[in-house]
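**Q** The structure that follows is given in the form of structure tokens.
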Amino acid sequence: RYVRRGVTVLRKPNGGKASALNYGMLFATGEIIVTVDADSILTRDTLRWIVMPFRDEKVVGVAGNVRVVNRENWLTKNQALEYVTQLNVARRATSFLGVVQVMPGPLAAFRRSMAATLGGYDRITLTEDFDLTVKLLKTGGVIQAPPGAFAFTEAPARLRDLYKQRLRWYRGNTQVLIRHSDAFRVRRYGRLSQLVFPLMVLQQIVIPVLGVASIPAAIFIILAGGLGYVLRLFAVFSVLQLCISLIALDIQDDDMRLGIYAPFAVVGYKHLLDIIALKAVFDILVLRRKPKWTRAEKKGLGATLRS
């Protein structure tokens, strides 16, 4: 029933996401491959925007910008704000330098010939999208994130599902950093070694450590009679985060009401993510556990859109 629409449906035994993507690439005939997740919805202009940068021969990959569609509770609204103010803003900033950190699963594009030369997606890590991004950046190619290339995704609506999703992300990111650790010392990798990897270490380890450490530090200060100081500090950072959030929401033409969740990016939601990130790093570096794919339950975008 899809043939008349120019769509080819492929079926294979479940071998993981990387295996499915590689299988699909075998049947692709075009030079530009666009990948999306099963729970992604594209805008009408998305494909036009995401292939546009490939006019430049130096561009080997393009990252899409992702928005949360199911903004139904405290958890999903915090994720919606996080995607806008942190993930998408970071992509736009690094796009100017041509070194976007990750071509995300919900929406990405790359040159088929280049990816095939690099062996496509690897099943060694849990974050095959980050791994392929690093391999492409190692070639010296450019990866951009055009502002009009958007995809909507369904965010985990329950805490346990968010935990599973982020644990997989952070474990996979740690695996990729270890696998491509040569990027820390090989100068010919340019901005990958000078910017991308140091930034990932900052986000994955340094900031979570400081975030978690701030909890007992704040408790100690309060017990020592410094409640007013802690409250003033929280107020200052909350105002700064609110300003950043409102600017990012305005630039991306998103719902400005999400700004009321800005304080949780200072205390609460932020610390939840910090704890998960540190657990992931501890599992990989200290316990040396072999991570498994942790699947977050979702109700499906069809149900989300109907509601």
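Here's how to read the names in the structure tokens: chain A, B, ... by the order shown, residue numbers from 1 in each chain, ligand numbers from 1 in the order shown.
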Within 8 Å of range 228-245 of chain A, counting only C-alpha atoms, which residues show up once you throw out same-chain ones fewer than 5 positions away? Write them as a PyMOL selection string, please.
**A** chain A and resi 81+84-85+218+221-222+259-260+262-263+265-266
**Q** Please identify which residues in range 156-265 of chain A DSSP calls alpha helix (DSSP H) from the backbone, and express them as a ChimeraX atom specification.
**A** /A:159-179,191,197-201,207-223,227-251
**Q** Can you tell me, as a PyMOL selection string, what residues are no more than 8 Å from range 132-140 of chain A when counting only C-alpha atoms, ignoring any on the same chain fewer than 2 positions away?
**A** chain A and resi 60-61+99+101-103+114-115+118+120-122+128-130+142-143+180+189-190+192
**Q** A:Ala296, A:Val100, A:Val281, A:Ala116: which is nearest Ala28 in chain A, counting only C-alpha atoms?
**A**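 Looking only at the distances to Ala28 in chain A, the closest residue turns out to be A:Ala116.
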**Q** Using only C-alpha atoms, which residue out of A:Glu57, A:Tyr23, A:Leu272, A:Ala145 lies closest to Ile215 in chain A?
**A**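 The answer is A:Leu272, which sits nearest to Ile215 in chain A.
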**Q** Using backbone DSSP assignments, extract all strand (DSSP E) residues from range 105-155 of chain A; output them as a list in words.
**A**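 Taking range 105-155 of chain A and keeping strand (DSSP E) only, one gets Ala108, Ala109, Phe110, Arg111, Val142, Ile143, Gln144, Phe150, Ala151, Phe152 and Thr153 of chain A.
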**Q** Set the distance at 12 Å and use only C-alpha atoms: which residues neighbour Asp254 in chain A once local chain neighbours fewer than 6 positions away are removed? I'd like the list as a ChimeraX atom specification.
**A** /A:66-69,80-81,83-85,88,245-248
**Q** Pick from A:Gln144, A:Arg171, A:Leu26, A:Gly6: nearest to Ser113 in chain A, with only C-alpha atoms counted?
**A**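 Closest to Ser113 in chain A of all the choices is A:Leu26.
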**Q** With only C-alpha atoms as the basis for distance, which of A:Phe264, A:Ser181, A:Gln252, A:Leu75 is at the shortest distance from Asp161 in chain A?
**A**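 Answer, going by the shortest atom-to-atom distance: A:Leu75.
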**Q** So the first atom is CA of Arg92 in chain A and the second is CA of Lys298 in chain A; what is the distance between them in Å, to one decimal place?
**A**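 Result for CA of Arg92 in chain A versus CA of Lys298 in chain A: 28.1 Å, one decimal.
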**Q** For each of A:Arg123, A:His271, A:Arg71, A:Arg11, take the minimum atom-to-atom distance to Gln175 in chain A, counting only C-alpha atoms, then give the residue where this is smallest.
**A**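 Nearest candidate to Gln175 in chain A out of A:Arg123, A:His271, A:Arg71, A:Arg11: A:Arg123.
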